[in-house]
file start_5.cif (mmCIF, C-alpha atoms)
data_data
#
loop_
_atom_site.group_PDB
_atom_site.id
_atom_site.type_symbol
_atom_site.label_atom_id
_atom_site.label_comp_id
_atom_site.auth_asym_id
_atom_site.auth_seq_id
_atom_site.Cartn_x
_atom_site.Cartn_y
_atom_site.Cartn_z
ATOM 1 C CA MET A 398 93.091 -31.776 49.411
ATOM 2 C CA VAL A 399 92.022 -33.771 46.346
ATOM 3 C CA LEU A 400 89.102 -35.070 48.400
ATOM 4 C CA ASP A 401 88.236 -31.498 49.404
ATOM 5 C CA ILE A 402 88.000 -30.563 45.730
ATOM 6 C CA GLU A 403 85.609 -33.445 45.086
ATOM 7 C CA TYR A 404 83.577 -32.507 48.143
ATOM 8 C CA ALA A 405 83.429 -28.862 47.079
ATOM 9 C CA ILE A 406 82.158 -29.832 43.612
ATOM 10 C CA LYS A 407 79.482 -32.086 45.139
ATOM 11 C CA LEU A 408 78.608 -29.371 47.628
ATOM 12 C CA GLN A 409 78.099 -26.825 44.854
ATOM 13 C CA GLU A 410 75.849 -29.256 42.984
ATOM 14 C CA LEU A 411 73.830 -29.821 46.159
ATOM 15 C CA ASP A 412 73.593 -26.110 46.929
ATOM 16 C CA ASP A 413 72.303 -25.442 43.417
ATOM 17 C CA LEU A 414 69.552 -28.028 43.919
ATOM 18 C CA ILE A 415 68.796 -26.753 47.413
ATOM 19 C CA LEU A 416 68.471 -23.170 46.146
ATOM 20 C CA LYS A 417 66.045 -24.231 43.402
ATOM 21 C CA LEU A 418 63.915 -26.175 45.867
ATOM 22 C CA GLU A 419 63.909 -23.342 48.393
ATOM 23 C CA ARG A 420 62.728 -20.934 45.707
ATOM 24 C CA LYS A 421 59.925 -23.318 44.745
ATOM 25 C CA ILE A 422 58.886 -23.681 48.375
ATOM 26 C CA GLU A 423 58.987 -19.911 48.914
ATOM 27 C CA ALA A 424 56.960 -19.343 45.734
ATOM 28 C CA LEU A 425 54.066 -21.553 46.887
ATOM 29 C CA PRO A 426 52.263 -18.943 49.065
ATOM 30 C CA LYS A 427 52.508 -16.415 46.235
ATOM 31 C CA HIS A 428 51.156 -18.934 43.728
ATOM 32 C CA ILE A 429 48.211 -19.796 45.965
ATOM 33 C CA ALA A 430 47.538 -16.095 46.600
ATOM 34 C CA GLU A 431 47.487 -15.457 42.833
ATOM 35 C CA ILE A 432 44.980 -18.198 42.036
ATOM 36 C CA GLU A 433 42.825 -17.166 45.001
ATOM 37 C CA GLU A 434 42.903 -13.564 43.760
ATOM 38 C CA ALA A 435 41.749 -14.763 40.323
ATOM 39 C CA LEU A 436 38.873 -16.575 42.046
ATOM 40 C CA LEU A 437 38.055 -13.475 44.087
ATOM 41 C CA SER A 438 38.018 -11.411 40.904
ATOM 42 C CA LYS A 439 35.337 -13.667 39.410
ATOM 43 C CA GLN A 440 33.430 -13.513 42.699
ATOM 44 C CA ARG A 441 33.475 -9.705 42.567
ATOM 45 C CA ARG A 442 32.301 -9.766 38.943
ATOM 46 C CA LEU A 443 29.366 -12.002 39.891
ATOM 47 C CA GLU A 444 28.464 -9.763 42.843
ATOM 48 C CA SER A 445 28.615 -6.688 40.620
ATOM 49 C CA ASP A 446 26.267 -8.275 38.068
ATOM 50 C CA GLN A 447 23.920 -9.419 40.837
ATOM 51 C CA LEU A 448 23.808 -5.900 42.296
ATOM 52 C CA ALA A 449 23.059 -4.441 38.865
ATOM 53 C CA LEU A 450 20.268 -6.980 38.343
ATOM 54 C CA SER A 451 18.860 -6.264 41.804
ATOM 55 C CA ALA A 452 18.899 -2.510 41.104
ATOM 56 C CA ASN A 453 17.140 -3.122 37.792
ATOM 57 C CA GLN A 454 14.397 -5.135 39.475
ATOM 58 C CA LYS A 455 14.049 -2.507 42.210
ATOM 59 C CA ASP A 456 13.618 0.250 39.595
ATOM 60 C CA ARG A 457 10.962 -1.812 37.813
ATOM 61 C CA ARG A 458 9.017 -2.296 41.057
ATOM 62 C CA LYS A 459 9.164 1.443 41.708
ATOM 63 C CA LEU A 460 7.805 2.162 38.224
ATOM 64 C CA GLU A 461 5.070 -0.448 38.663
ATOM 65 C CA ALA A 462 4.107 1.289 41.911
ATOM 66 C CA VAL A 463 4.041 4.632 40.073
ATOM 67 C CA ILE A 464 1.758 3.130 37.411
ATOM 68 C CA GLN A 465 -0.540 1.726 40.082
ATOM 69 C CA THR A 466 -0.715 5.131 41.769
ATOM 70 C CA PHE A 467 -1.552 6.807 38.456
ATOM 71 C CA GLU A 468 -4.216 4.193 37.685
ATOM 72 C CA GLU A 469 -5.869 4.636 41.082
ATOM 73 C CA LYS A 470 -5.833 8.403 40.678
ATOM 74 C CA ILE A 471 -7.252 8.196 37.144
ATOM 75 C CA SER A 472 -10.034 5.917 38.392
ATOM 76 C CA LYS A 473 -10.977 8.445 41.081
ATOM 77 C CA LEU A 474 -10.768 11.335 38.596
ATOM 78 C CA LYS A 475 -13.121 9.557 36.188
ATOM 79 C CA ASN A 476 -15.660 9.060 38.966
ATOM 80 C CA GLN A 477 -15.308 12.705 39.993
ATOM 81 C CA MET A 478 -15.601 13.810 36.375
ATOM 82 C CA LEU A 479 -19.131 12.352 36.275
ATOM 83 C CA GLU A 480 -20.070 14.814 38.988
ATOM 84 C CA ALA A 481 -18.528 17.817 37.270
ATOM 85 C CA LYS A 482 -20.964 20.782 37.253
ATOM 86 C CA THR A 483 -19.141 23.064 34.831
ATOM 87 C CA ASN A 484 -17.138 22.662 31.649
ATOM 88 C CA GLU A 485 -14.103 24.077 33.393
ATOM 89 C CA GLN A 486 -14.279 21.377 36.047
ATOM 90 C CA TYR A 487 -14.763 18.729 33.338
ATOM 91 C CA ARG A 488 -11.732 19.948 31.360
ATOM 92 C CA ALA A 489 -9.653 20.096 34.547
ATOM 93 C CA PHE A 490 -10.460 16.457 35.238
ATOM 94 C CA GLN A 491 -9.595 15.556 31.627
ATOM 95 C CA HIS A 492 -6.279 17.361 31.964
ATOM 96 C CA GLU A 493 -5.436 15.481 35.158
ATOM 97 C CA ILE A 494 -6.442 12.177 33.570
ATOM 98 C CA SER A 495 -4.340 12.924 30.466
ATOM 99 C CA TYR A 496 -1.371 13.780 32.690
ATOM 100 C CA GLY A 497 -1.763 10.484 34.526
ATOM 101 C CA GLU A 498 -2.055 8.495 31.278
ATOM 102 C CA THR A 499 1.126 10.163 29.983
ATOM 103 C CA GLY A 500 2.874 9.245 33.223
ATOM 104 C CA ILE A 501 1.741 5.628 32.803
ATOM 105 C CA ARG A 502 3.030 5.458 29.223
ATOM 106 C CA LYS A 503 6.419 6.916 30.207
ATOM 107 C CA SER A 504 6.706 4.480 33.098
ATOM 108 C CA GLU A 505 5.761 1.561 30.856
ATOM 109 C CA ASP A 506 8.385 2.604 28.311
ATOM 110 C CA LYS A 507 11.010 2.725 31.057
ATOM 111 C CA ILE A 508 9.915 -0.701 32.268
ATOM 112 C CA LEU A 509 10.357 -2.097 28.764
ATOM 113 C CA ASP A 510 13.863 -0.642 28.624
ATOM 114 C CA LEU A 511 14.668 -2.136 32.023
ATOM 115 C CA MET A 512 13.291 -5.512 30.961
ATOM 116 C CA ALA A 513 15.570 -5.520 27.918
ATOM 117 C CA GLU A 514 18.486 -4.554 30.142
ATOM 118 C CA SER A 515 17.460 -7.230 32.635
ATOM 119 C CA GLU A 516 17.781 -9.982 30.031
ATOM 120 C CA SER A 517 21.403 -9.010 29.447
ATOM 121 C CA LEU A 518 22.085 -8.764 33.189
ATOM 122 C CA GLU A 519 20.508 -12.155 33.884
ATOM 123 C CA ALA A 520 22.660 -13.689 31.153
ATOM 124 C CA ASN A 521 25.753 -12.081 32.700
ATOM 125 C CA VAL A 522 24.848 -13.370 36.166
ATOM 126 C CA SER A 523 24.273 -16.868 34.840
ATOM 127 C CA LYS A 524 27.544 -16.804 32.921
ATOM 128 C CA ALA A 525 29.483 -15.343 35.864
ATOM 129 C CA ARG A 526 28.037 -17.931 38.269
ATOM 130 C CA LEU A 527 29.010 -20.778 35.932
ATOM 131 C CA ALA A 528 32.524 -19.343 35.484
ATOM 132 C CA LEU A 529 32.864 -18.972 39.255
ATOM 133 C CA ASP A 530 31.827 -22.565 39.899
ATOM 134 C CA GLU A 531 34.335 -23.806 37.320
ATOM 135 C CA GLU A 532 37.044 -21.557 38.780
ATOM 136 C CA LYS A 533 36.394 -22.885 42.295
ATOM 137 C CA VAL A 534 36.917 -26.459 41.130
ATOM 138 C CA GLN A 535 40.056 -25.493 39.222
ATOM 139 C CA VAL A 536 41.482 -23.475 42.121
ATOM 140 C CA GLU A 537 40.900 -26.279 44.617
ATOM 141 C CA GLY A 538 42.592 -28.694 42.221
ATOM 142 C CA GLU A 539 45.578 -26.371 41.772
ATOM 143 C CA LYS A 540 45.860 -25.767 45.509
ATOM 144 C CA GLN A 541 45.776 -29.473 46.249
ATOM 145 C CA ALA A 542 48.404 -30.171 43.586
ATOM 146 C CA ALA A 543 50.529 -27.321 44.951
ATOM 147 C CA ARG A 544 50.270 -28.667 48.503
ATOM 148 C CA GLU A 545 51.252 -32.142 47.346
ATOM 149 C CA GLN A 546 54.209 -30.801 45.379
ATOM 150 C CA HIS A 547 55.160 -28.663 48.378
ATOM 151 C CA ALA A 548 55.319 -31.784 50.556
ATOM 152 C CA VAL A 549 57.473 -33.540 47.956
ATOM 153 C CA ASN A 550 59.794 -30.538 47.705
ATOM 154 C CA GLU A 551 60.191 -30.276 51.472
ATOM 155 C CA LYS A 552 60.973 -33.975 51.769
ATOM 156 C CA GLN A 553 63.528 -33.717 48.972
ATOM 157 C CA LEU A 554 64.991 -30.573 50.535
ATOM 158 C CA ASN A 555 65.418 -32.295 53.901
ATOM 159 C CA GLY A 556 67.233 -35.146 52.150
ATOM 160 C CA LEU A 557 69.552 -32.742 50.347
ATOM 161 C CA LEU A 558 70.293 -30.838 53.549
ATOM 162 C CA ALA A 559 71.192 -34.113 55.261
ATOM 163 C CA ASP A 560 73.518 -34.984 52.347
ATOM 164 C CA ARG A 561 75.043 -31.533 52.631
ATOM 165 C CA GLU A 562 75.800 -32.013 56.319
ATOM 166 C CA ARG A 563 77.568 -35.294 55.578
ATOM 167 C CA ILE A 564 79.725 -33.677 52.876
ATOM 168 C CA VAL A 565 80.580 -30.684 55.074
ATOM 169 C CA ALA A 566 81.599 -33.047 57.888
ATOM 170 C CA GLY A 567 84.210 -34.585 55.573
ATOM 171 C CA MET A 568 85.696 -31.308 54.358
ATOM 172 C CA THR A 569 88.675 -29.497 55.793
ATOM 173 C CA PRO A 570 87.200 -26.638 57.904
ATOM 174 C CA LYS A 571 89.328 -23.993 56.169
ATOM 175 C CA VAL A 572 88.255 -25.162 52.721
ATOM 176 C CA TYR A 573 84.625 -25.176 53.769
ATOM 177 C CA ALA A 574 84.978 -21.687 55.259
ATOM 178 C CA ASN A 575 86.436 -20.420 51.957
ATOM 179 C CA TYR A 576 83.633 -22.122 50.054
ATOM 180 C CA GLU A 577 80.935 -20.547 52.256
ATOM 181 C CA ARG A 578 82.541 -17.128 52.009
ATOM 182 C CA ALA A 579 82.538 -17.317 48.206
ATOM 183 C CA ARG A 580 79.010 -18.749 48.088
ATOM 184 C CA LYS A 581 77.557 -15.917 50.169
ATOM 185 C CA LYS A 582 79.492 -13.262 48.284
ATOM 186 C CA TYR A 583 78.538 -14.515 44.830
ATOM 187 C CA HIS A 584 74.890 -15.387 45.488
ATOM 188 C CA GLY A 585 75.294 -19.150 45.688
ATOM 189 C CA VAL A 586 77.938 -19.649 42.982
ATOM 190 C CA ALA A 587 81.119 -20.449 44.912
ATOM 191 C CA LEU A 588 82.877 -22.611 42.316
ATOM 192 C CA ALA A 589 83.984 -22.012 38.771
ATOM 193 C CA GLN A 590 85.548 -24.456 36.366
ATOM 194 C CA GLY A 591 88.818 -23.708 34.659
ATOM 195 C CA ILE A 592 88.280 -24.386 30.968
ATOM 196 C CA ALA A 593 90.852 -23.693 28.250
ATOM 197 C CA GLY A 594 92.710 -21.334 30.553
ATOM 198 C CA ARG A 595 89.636 -19.266 31.449
ATOM 199 C CA CYS A 596 87.299 -18.989 34.418
ATOM 200 C CA SER A 597 83.942 -20.463 33.364
ATOM 201 C CA VAL A 598 82.024 -17.738 35.255
ATOM 202 C CA CYS A 599 83.836 -14.439 34.641
ATOM 203 C CA ASN A 600 85.519 -15.730 31.446
ATOM 204 C CA ILE A 601 88.815 -13.984 32.263
ATOM 205 C CA THR A 602 91.988 -15.672 31.005
ATOM 206 C CA MET A 603 94.311 -17.060 33.696
ATOM 207 C CA ARG A 604 98.059 -16.737 33.762
ATOM 208 C CA PRO A 605 99.535 -19.820 32.034
ATOM 209 C CA GLN A 606 101.424 -20.954 35.138
ATOM 210 C CA TYR A 607 98.323 -20.445 37.278
ATOM 211 C CA PHE A 608 96.309 -22.622 34.921
ATOM 212 C CA GLN A 609 99.013 -25.294 35.029
ATOM 213 C CA ASP A 610 98.875 -25.265 38.825
ATOM 214 C CA LEU A 611 95.099 -25.613 38.658
ATOM 215 C CA LYS A 612 95.364 -28.596 36.326
ATOM 216 C CA LYS A 613 97.510 -30.429 38.856
ATOM 217 C CA GLY A 614 94.388 -30.669 41.058
ATOM 218 C CA GLU A 615 96.389 -30.511 44.247
ATOM 219 C CA ARG A 616 94.342 -27.739 45.851
ATOM 220 C CA LEU A 617 91.494 -25.328 45.284
ATOM 221 C CA LEU A 618 92.672 -22.059 43.789
ATOM 222 C CA LYS A 619 90.857 -18.745 43.637
ATOM 223 C CA CYS A 620 90.108 -16.997 40.375
ATOM 224 C CA GLU A 621 92.387 -13.981 40.358
ATOM 225 C CA SER A 622 89.654 -11.963 38.684
ATOM 226 C CA CYS A 623 86.320 -12.809 40.349
ATOM 227 C CA GLY A 624 87.557 -14.601 43.465
ATOM 228 C CA ARG A 625 85.521 -17.786 43.057
ATOM 229 C CA LEU A 626 87.109 -21.142 43.905
ATOM 230 C CA LEU A 627 88.476 -22.809 40.784
ATOM 231 C CA TYR A 628 88.644 -26.476 39.915
ATOM 232 C CA TYR A 629 89.828 -28.312 36.820
ATOM 233 C CA LYS A 630 87.998 -31.213 35.220
ATOM 234 C CA PRO A 631 90.051 -33.117 32.601
ATOM 235 C CA PRO A 632 88.198 -33.584 29.294
ATOM 236 C CA ALA A 633 86.701 -37.020 28.666
ATOM 237 C CA ASN A 634 88.539 -37.164 25.318
ATOM 238 C CA PRO A 635 92.329 -36.773 25.866
ATOM 239 C CA GLU A 636 92.668 -35.184 22.408
ATOM 240 C CA ASP A 637 90.581 -32.237 23.685
#

call {"tool": "encode", "arguments": {"input": "start_5.cif", "output": "structure tokens"}}
result
Amino acid sequence: MVLDIEYAIKLQELDDLILKLERKIEALPKHIAEIEEALLSKQRRLESDQLALSANQKDRRKLEAVIQTFEEKISKLKNQMLEAKTNEQYRAFQHEISYGETGIRKSEDKILDLMAESESLEANVSKARLALDEEKVQVEGEKQAAREQHAVNEKQLNGLLADRERIVAGMTPKVYANYERARKKYHGVALAQGIAGRCSVCNITMRPQYFQDLKKGERLLKCESCGRLLYYKPPANPED
């Protein structure tokens, strides 16, 4: 039974390590998904800026086409104006020409505004592209490091599981069954240390005789409060 107590303590230490490693291994896909989402976010930002810049350039081309249409029309109107036979016809041509010139000025003003906006958009695209390239390098580095650490964790986990099997093989089946029952019930914490007459987990005081029985170390006892398996570890300093 003394050996069972030692095995149970070692088993709890192993299970704690195994649980930590399993959580790290389970967290890897989430970690990779998070850094890939950050990369995708920068990709979307770049695409948004590129679309805005493309729309800006498209609007400028439309306005340039409008200006060209006005200029062609004005040129024809000026030629026609030379053939005007009455003052009314002459003034009508002038009015049409004036309307076209106003349209050209408005279009040119809009083009200037779009050009100013374009400078900002081009700067954003350049900045976003640079940030994306840097993020890609960083993400690939993080993913590679994560994969390498994942391989290390899995190898270590396999070693711990093998150690666990060896310890379980040496334990009394009933003791192991009690240990497993407590471990599953209390989310991995099957053992508690008896310290100064209290359970180290629930901190409830034991009956004096119960604590004395625990100190004998002859068998694993259950905490009468929380139900975990209790063990006693003598202090290194006898005076304690």

call {"tool": "atom_distance", "arguments": {"input": "start_5.cif", "atom1": "atom CA of A:Leu436", "atom2": "atom CA of A:Glu532"}}
result
6.2 Å

call {"tool": "resolve_selection", "arguments": {"input": "start_5.cif", "expression": "the PyMOL selection byres ((chain A and resi 543) around 12)", "output": "list in words"}}
result
Lys421, Ile422, Glu423, Ala424, Leu425, Pro426, Lys427, His428, Ile429, Ala430, Ile432, Val536, Glu537, Gly538, Glu539, Lys540, Gln541, Ala542, Arg544, Glu545, Gln546, His547, Ala548, Val549 and Asn550 of chain A

call {"tool": "atom_distance", "arguments": {"input": "start_5.cif", "atom1": "atom CA of A:Ser472", "atom2": "atom CA of A:Asn453"}}
result
28.6 Å

call {"tool": "residues_around", "arguments": {"input": "start_5.cif", "residues": "A:Arg616", "least_positions_apart": "6", "cutoff": "9 Å", "atoms": "only C-alpha atoms", "output": "list in words"}}
result
Met398, Val399, Asp401, Ile402, Asp610 and Tyr628 of chain A

call {"tool": "resolve_selection", "arguments": {"input": "start_5.cif", "expression": "the PyMOL selection byres ((chain A and resi 614) around 12)", "output": "list in words"}}
result
Met398, Val399, Leu400, Asp401, Ile402, Glu403, Gln590, Gly591, Tyr607, Phe608, Gln609, Asp610, Leu611, Lys612, Lys613, Glu615, Arg616, Leu617, Leu618, Leu627, Tyr628, Tyr629, Lys630 and Pro631 of chain A

call {"tool": "residues_near_point", "arguments": {"input": "start_5.cif", "point": "(85.1, -18.1, 51.5)", "cutoff": "12 Å", "atoms": "only C-alpha atoms", "output": "list in words"}}
result
Ala405, Pro570, Lys571, Val572, Tyr573, Ala574, Asn575, Tyr576, Glu577, Arg578, Ala579, Arg580, Lys581, Lys582, Tyr583, Gly585, Val586, Ala587, Leu588, Leu617, Leu618, Lys619, Gly624, Arg625 and Leu626 of chain A

call {"tool": "resolve_selection", "arguments": {"input": "start_5.cif", "expression": "the PyMOL selection byres ((chain A and resi 500) around 12)", "output": "ChimeraX atom specification"}}
result
/A:460-468,470-471,493-499,501-507

call {"tool": "atom_distance", "arguments": {"input": "start_5.cif", "atom1": "atom CA of A:Leu408", "atom2": "atom CA of A:Val565"}}
result
7.8 Å

call {"tool": "closest_residue", "arguments": {"input": "start_5.cif", "among": "A:Cys599, A:Val534, A:Ala520, A:Ile564", "to": "A:Asp412", "atoms": "all atoms listed in the file"}}
result
A:Ile564

call {"tool": "closest_residue", "arguments": {"input": "start_5.cif", "among": "A:Asp510, A:Glu419, A:Glu485, A:Asp456", "to": "A:Asn555", "atoms": "all atoms listed in the file"}}
result
A:Glu419

call {"tool": "closest_residue", "arguments": {"input": "start_5.cif", "among": "A:Ile406, A:Leu418, A:Val522, A:Leu529", "to": "A:Ala435", "atoms": "only C-alpha atoms"}}
result
A:Leu529

call {"tool": "build_atoms", "arguments": {"input": "start_5.cif", "residues": "stretch 493-525 of chain A", "atoms": "N, CA and C atoms", "output": "mmCIF file, in the frame of the given file"}}
result
data_model
loop_
_atom_site.group_PDB
_atom_site.id
_atom_site.type_symbol
_atom_site.label_atom_id
_atom_site.label_comp_id
_atom_site.auth_asym_id
_atom_site.auth_seq_id
_atom_site.Cartn_x
_atom_site.Cartn_y
_atom_site.Cartn_z
ATOM 1 N N GLU A 493 -6.090 16.315 34.143
ATOM 2 C CA GLU A 493 -5.436 15.481 35.158
ATOM 3 C C GLU A 493 -5.352 14.029 34.700
ATOM 4 N N ILE A 494 -6.424 13.565 34.066
ATOM 5 C CA ILE A 494 -6.442 12.177 33.570
ATOM 6 C C ILE A 494 -5.400 12.001 32.466
ATOM 7 N N SER A 495 -5.314 12.974 31.551
ATOM 8 C CA SER A 495 -4.340 12.924 30.466
ATOM 9 C C SER A 495 -2.914 12.911 31.013
ATOM 10 N N TYR A 496 -2.707 13.746 32.061
ATOM 11 C CA TYR A 496 -1.371 13.780 32.690
ATOM 12 C C TYR A 496 -1.022 12.417 33.283
ATOM 13 N N GLY A 497 -1.995 11.792 33.924
ATOM 14 C CA GLY A 497 -1.763 10.484 34.526
ATOM 15 C C GLY A 497 -1.487 9.416 33.473
ATOM 16 N N GLU A 498 -2.252 9.462 32.362
ATOM 17 C CA GLU A 498 -2.055 8.495 31.278
ATOM 18 C C GLU A 498 -0.675 8.655 30.639
ATOM 19 N N THR A 499 -0.223 9.908 30.514
ATOM 20 C CA THR A 499 1.126 10.163 29.983
ATOM 21 C C THR A 499 2.177 9.587 30.927
ATOM 22 N N GLY A 500 1.947 9.794 32.230
ATOM 23 C CA GLY A 500 2.874 9.245 33.223
ATOM 24 C C GLY A 500 2.941 7.732 33.156
ATOM 25 N N ILE A 501 1.784 7.104 32.919
ATOM 26 C CA ILE A 501 1.741 5.628 32.803
ATOM 27 C C ILE A 501 2.528 5.168 31.586
ATOM 28 N N ARG A 502 2.326 5.848 30.441
ATOM 29 C CA ARG A 502 3.030 5.458 29.223
ATOM 30 C C ARG A 502 4.549 5.598 29.394
ATOM 31 N N LYS A 503 4.980 6.710 29.993
ATOM 32 C CA LYS A 503 6.419 6.916 30.207
ATOM 33 C C LYS A 503 6.990 5.830 31.119
ATOM 34 N N SER A 504 6.243 5.516 32.168
ATOM 35 C CA SER A 504 6.706 4.480 33.098
ATOM 36 C C SER A 504 6.768 3.125 32.411
ATOM 37 N N GLU A 505 5.777 2.841 31.577
ATOM 38 C CA GLU A 505 5.761 1.561 30.856
ATOM 39 C C GLU A 505 6.925 1.471 29.879
ATOM 40 N N ASP A 506 7.236 2.592 29.227
ATOM 41 C CA ASP A 506 8.385 2.604 28.311
ATOM 42 C C ASP A 506 9.684 2.326 29.073
ATOM 43 N N LYS A 507 9.809 2.953 30.250
ATOM 44 C CA LYS A 507 11.010 2.725 31.057
ATOM 45 C C LYS A 507 11.094 1.272 31.521
ATOM 46 N N ILE A 508 9.934 0.712 31.853
ATOM 47 C CA ILE A 508 9.915 -0.701 32.268
ATOM 48 C C ILE A 508 10.370 -1.604 31.133
ATOM 49 N N LEU A 509 9.940 -1.304 29.924
ATOM 50 C CA LEU A 509 10.357 -2.097 28.764
ATOM 51 C C LEU A 509 11.870 -2.019 28.572
ATOM 52 N N ASP A 510 12.405 -0.803 28.734
ATOM 53 C CA ASP A 510 13.863 -0.642 28.624
ATOM 54 C C ASP A 510 14.580 -1.447 29.702
ATOM 55 N N LEU A 511 14.054 -1.398 30.914
ATOM 56 C CA LEU A 511 14.668 -2.136 32.023
ATOM 57 C C LEU A 511 14.555 -3.645 31.820
ATOM 58 N N MET A 512 13.461 -4.078 31.230
ATOM 59 C CA MET A 512 13.291 -5.512 30.961
ATOM 60 C C MET A 512 14.313 -5.998 29.937
ATOM 61 N N ALA A 513 14.560 -5.165 28.919
ATOM 62 C CA ALA A 513 15.570 -5.520 27.918
ATOM 63 C C ALA A 513 16.951 -5.568 28.568
ATOM 64 N N GLU A 514 17.215 -4.584 29.426
ATOM 65 C CA GLU A 514 18.486 -4.554 30.142
ATOM 66 C C GLU A 514 18.601 -5.745 31.094
ATOM 67 N N SER A 515 17.481 -6.119 31.677
ATOM 68 C CA SER A 515 17.460 -7.230 32.635
ATOM 69 C C SER A 515 17.861 -8.544 31.972
ATOM 70 N N GLU A 516 17.430 -8.742 30.740
ATOM 71 C CA GLU A 516 17.781 -9.982 30.031
ATOM 72 C C GLU A 516 19.293 -10.121 29.914
ATOM 73 N N SER A 517 19.947 -8.994 29.569
ATOM 74 C CA SER A 517 21.403 -9.010 29.447
ATOM 75 C C SER A 517 22.062 -9.251 30.802
ATOM 76 N N LEU A 518 21.525 -8.606 31.843
ATOM 77 C CA LEU A 518 22.085 -8.764 33.189
ATOM 78 C C LEU A 518 21.913 -10.201 33.691
ATOM 79 N N GLU A 519 20.753 -10.781 33.443
ATOM 80 C CA GLU A 519 20.508 -12.155 33.884
ATOM 81 C C GLU A 519 21.457 -13.119 33.184
ATOM 82 N N ALA A 520 21.715 -12.850 31.899
ATOM 83 C CA ALA A 520 22.660 -13.689 31.153
ATOM 84 C C ALA A 520 24.062 -13.550 31.744
ATOM 85 N N ASN A 521 24.431 -12.304 32.100
ATOM 86 C CA ASN A 521 25.753 -12.081 32.700
ATOM 87 C C ASN A 521 25.886 -12.780 34.044
ATOM 88 N N VAL A 522 24.824 -12.716 34.851
ATOM 89 C CA VAL A 522 24.848 -13.370 36.166
ATOM 90 C C VAL A 522 24.981 -14.878 36.012
ATOM 91 N N SER A 523 24.219 -15.425 35.078
ATOM 92 C CA SER A 523 24.273 -16.868 34.840
ATOM 93 C C SER A 523 25.664 -17.288 34.368
ATOM 94 N N LYS A 524 26.218 -16.505 33.445
ATOM 95 C CA LYS A 524 27.544 -16.804 32.921
ATOM 96 C C LYS A 524 28.616 -16.659 33.994
ATOM 97 N N ALA A 525 28.502 -15.584 34.802
ATOM 98 C CA ALA A 525 29.483 -15.343 35.864
ATOM 99 C C ALA A 525 29.407 -16.430 36.933
#
